[in-house]
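J.: Structure below; questions to follow.
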Amino acid sequence: MSSAIVSGIFSVANGQRIPGPQRAGSASTGSSSYVLYNTTLCAPNLVNPSPDNPVVLMPATLRVYTPPEKSFVPNENLVVVDAKFSISTGPTGILAQLDGLSFKPFFNVPGLEPDVVDSLLPDFRAHRCHLLGNVTGPVQSHLDGSRSFSMSVSDFVCDAVRPTSIVCVFPSGPRWAKTPAPYASSCVKIFGKFLSWDHSGTVRVTILDIVFNARTQDVSLSPISPTTGLSASSGTPKRKFAAVIPTFAGSSIPPPNSIPPLLDSDDGSPKPKRTVKSAPKAPPKPKAPPKPKAPSKPKAPPKAKGSANTRKAATKEKEKVGFVRTTRRSAAIAKFANGQGDINNNADLEGEGADSTA
C-alpha cells in the first residue's frame, strides 16, 4: 500500500501528442493517445538564495490524456496539476515523471507578459506532495534541531510501478518537539512540501502533517449519511469561488450566525427541557361481572341491660365485702402479735361459714 501524488501550479512547454499502447480488442491506437509536456518541480533554494534565484528546479515530464481533437496548451502557460510522480536518476541526471490526474490550464490574458501573471499568483516556492509508504530507517537528529527519517513510496506512473526514496524532515521548533518518531517498517501518511534533492535521486520533504500507522482498519467503514444539498442562489454567480454560502433557501441547515451558542453547565442558566414522547396507552380491559354477595348472618339480639339502681346496689355490695375482709385480717394480725392466734389459719383471716361474708 503506497502512493505518491504532487499538486500545485506548473508551467508547461513543448507539448507533443504520442500514441498510447494499443488496447486489447481495439484495432486503433488513437483513442488512447496522450500529450507529453516538459515541466519542472520546484523547491526553495537553500544553498544560494537570492531574489533573482529563489527556487531550484528539477526537470520533469508530464503525461496528460486528452482527446485527439483538443489543442495543446501554449508554451509557458500555467496549469493547476494533480499528478502521480516518481523520481529517479538516468544518463542525463535526476528526472521526475508525472502522470496527470487533473489538468486545469490558466487562460492567458492578451497583453499580459508571463512575468506579470506570475506576480499576480501566490508565492508558492515549493510544490506540495501526498505520500503514503513504509518507514525504512530510524529517526536522526540534526544540529539545527530538526529530525528526519527515510521512507519508501511507489506508485503506478507511466505504465509501471516506480519506487521513490523520500527523506521526511520534522522542522525545528515547538510544533514538532513532542511528536513521537514513527517506528521502522510502519506505514505512515505524509503531507508536505519539497525541500531539496540530491543527484542520487533522494528527495527531502518538509512535513506539514503526518498520520501514524495508516492502515485500512483505521478507516471507518460505516456509511456516511448524505448531507442535505444547499440550493444555489438564483442567477449567474459573479465569481467561481465564494467564502460563504450566499443563500440558504430550501435548506434545513441554518446560516452560521443563526446557530445558538452551547449552554455552559456551570453557569446556572436554565437548560431546555427535553420532551419525552409517551408510549401509546393500551386499551382498557373489560371489567369482570360483579360476584354475588353471600347471605348475611342474622345479628344476635342485644343483651338486656340492667337498670341503673341494680348496678349501684352491686357496687355497694362489693365495697362492703372488701371492707369486712380488711377488718378481719387486721384483727388476726393483732391476735398473732399477742400470741393468741395463728396467722396461717384461714379461719382467723376469713371467718367461718356464712359469717365470712357478713
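Here, A, B, ... name the chains of the C-alpha cells in the order displayed, residue numbers run from 1 inside each chain, and ligands are numbered from 1 in the same displayed order.
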Kindly assemble as CSV a list of the region 103-172 of chain A residues that lie within 7 Å of region 2-15 of chain A, each paired with its nearest atom pair and their distance in Å to one decimal, using only C-alpha atoms, sorted first by chain and then by ascending residue number.
T.:
residue,atom,partner,partner_atom,distance
A:His127,CA,A:Gly8,CA,5.5
A:Arg128,CA,A:Ser7,CA,5.5
A:Cys129,CA,A:Val6,CA,4.3
A:His130,CA,A:Ile5,CA,5.1
A:Leu131,CA,A:Ala4,CA,4.8
A:Leu132,CA,A:Ser2,CA,4.9
A:Gly133,CA,A:Ser2,CA,4.7
A:Val153,CA,A:Ser2,CA,5.6
A:Ser154,CA,A:Ser2,CA,5.6
A:Asp155,CA,A:Ser3,CA,5.1
J.: Write the selection just made, keeping N, CA, C and O atoms, as a compact mmCIF listing (two decimals), in the first residue's frame?
T.:
# COMPACT_ATOMS: atom_id res chain seq x y z
N HIS A 127 6.36 22.79 -4.46
CA HIS A 127 5.16 22.01 -4.73
C HIS A 127 4.82 21.14 -3.53
O HIS A 127 5.70 20.69 -2.80
N ARG A 128 3.53 20.90 -3.34
CA ARG A 128 3.04 20.04 -2.25
C ARG A 128 2.97 18.60 -2.71
O ARG A 128 2.78 18.32 -3.91
N CYS A 129 3.10 17.68 -1.76
CA CYS A 129 3.05 16.26 -2.09
C CYS A 129 2.30 15.49 -1.00
O CYS A 129 2.32 15.87 0.17
N HIS A 130 1.63 14.44 -1.42
CA HIS A 130 0.94 13.50 -0.53
C HIS A 130 1.64 12.15 -0.67
O HIS A 130 1.68 11.58 -1.77
N LEU A 131 2.17 11.64 0.43
CA LEU A 131 2.97 10.42 0.41
C LEU A 131 2.36 9.38 1.34
O LEU A 131 1.97 9.70 2.47
N LEU A 132 2.32 8.16 0.89
CA LEU A 132 1.88 7.02 1.70
C LEU A 132 2.85 5.88 1.45
O LEU A 132 2.99 5.39 0.33
N GLY A 133 3.56 5.48 2.50
CA GLY A 133 4.55 4.42 2.33
C GLY A 133 5.06 3.91 3.66
O GLY A 133 4.50 4.22 4.72
N VAL A 153 8.26 5.11 -1.08
CA VAL A 153 6.93 5.21 -1.67
C VAL A 153 7.02 4.71 -3.11
O VAL A 153 8.10 4.69 -3.72
N SER A 154 5.88 4.32 -3.65
CA SER A 154 5.83 3.89 -5.04
C SER A 154 4.42 4.13 -5.56
O SER A 154 3.46 4.21 -4.78
N ASP A 155 4.32 4.27 -6.87
CA ASP A 155 3.01 4.46 -7.50
C ASP A 155 3.10 3.99 -8.94
O ASP A 155 4.19 3.84 -9.50
J.: Running DSSP on the backbone, which parts of region 3-138 of chain A land in strand (DSSP E or B), as an MDAnalysis selection string?
T.: chainID A and resid 3:18 34:44 50 53 55:64 77:90 93:105 128:135
J.: From the set A:Asn53, A:Ser165, A:Val73, A:Tyr65, which residue has the shortest atom-to-atom contact distance to Ile18 (chain A), counting only C-alpha atoms?
T.: A:Tyr65
J.: Could you give me, as a ChimeraX atom specification, the residues within 8 Å of Asn213 (chain A), counting only C-alpha atoms and dropping anything in the same chain fewer than 2 positions from it?
T.: /A:186-188,211,215
J.: Just to be explicit: take each residue in the selection above, keep C-alpha atoms, and write the result as a PDB file, in the first residue's frame.
T.:
ATOM      1  CA  SER A 186       5.444   1.140   9.961  1.00  0.00           C
ATOM      2  CA  CYS A 187       3.117   2.686   7.405  1.00  0.00           C
ATOM      3  CA  VAL A 188       2.737   6.481   7.553  1.00  0.00           C
ATOM      4  CA  VAL A 211      -0.584  10.154  10.123  1.00  0.00           C
ATOM      5  CA  ARG A 215      -3.753   1.021   7.886  1.00  0.00           C
TER       6      ARG A 215
END
J.: Identify, on the basis of only C-alpha atoms, every residue whose closest approach to Tyr37 (chain A) does not exceed 12 Å; exclude the query and any residue fewer than 2 positions from it along the same chain; express the result as a PyMOL selection string.
T.: chain A and resi 10-18+34-35+39-40+59-65+72-77+79+97-100+103
J.: If we count only C-alpha atoms and set the cut-off at 12 Å, which residues sit around Trp176 (chain A), ignoring sequence neighbours fewer than 6 positions away in its own chain? Please answer as a list in words.
T.: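 The neighbour list is Gly145, Ser146, Arg147, Ser148, Val169, Phe170, Thr206, Ile207, Leu208, Asp209 and Ile210 of chain A.
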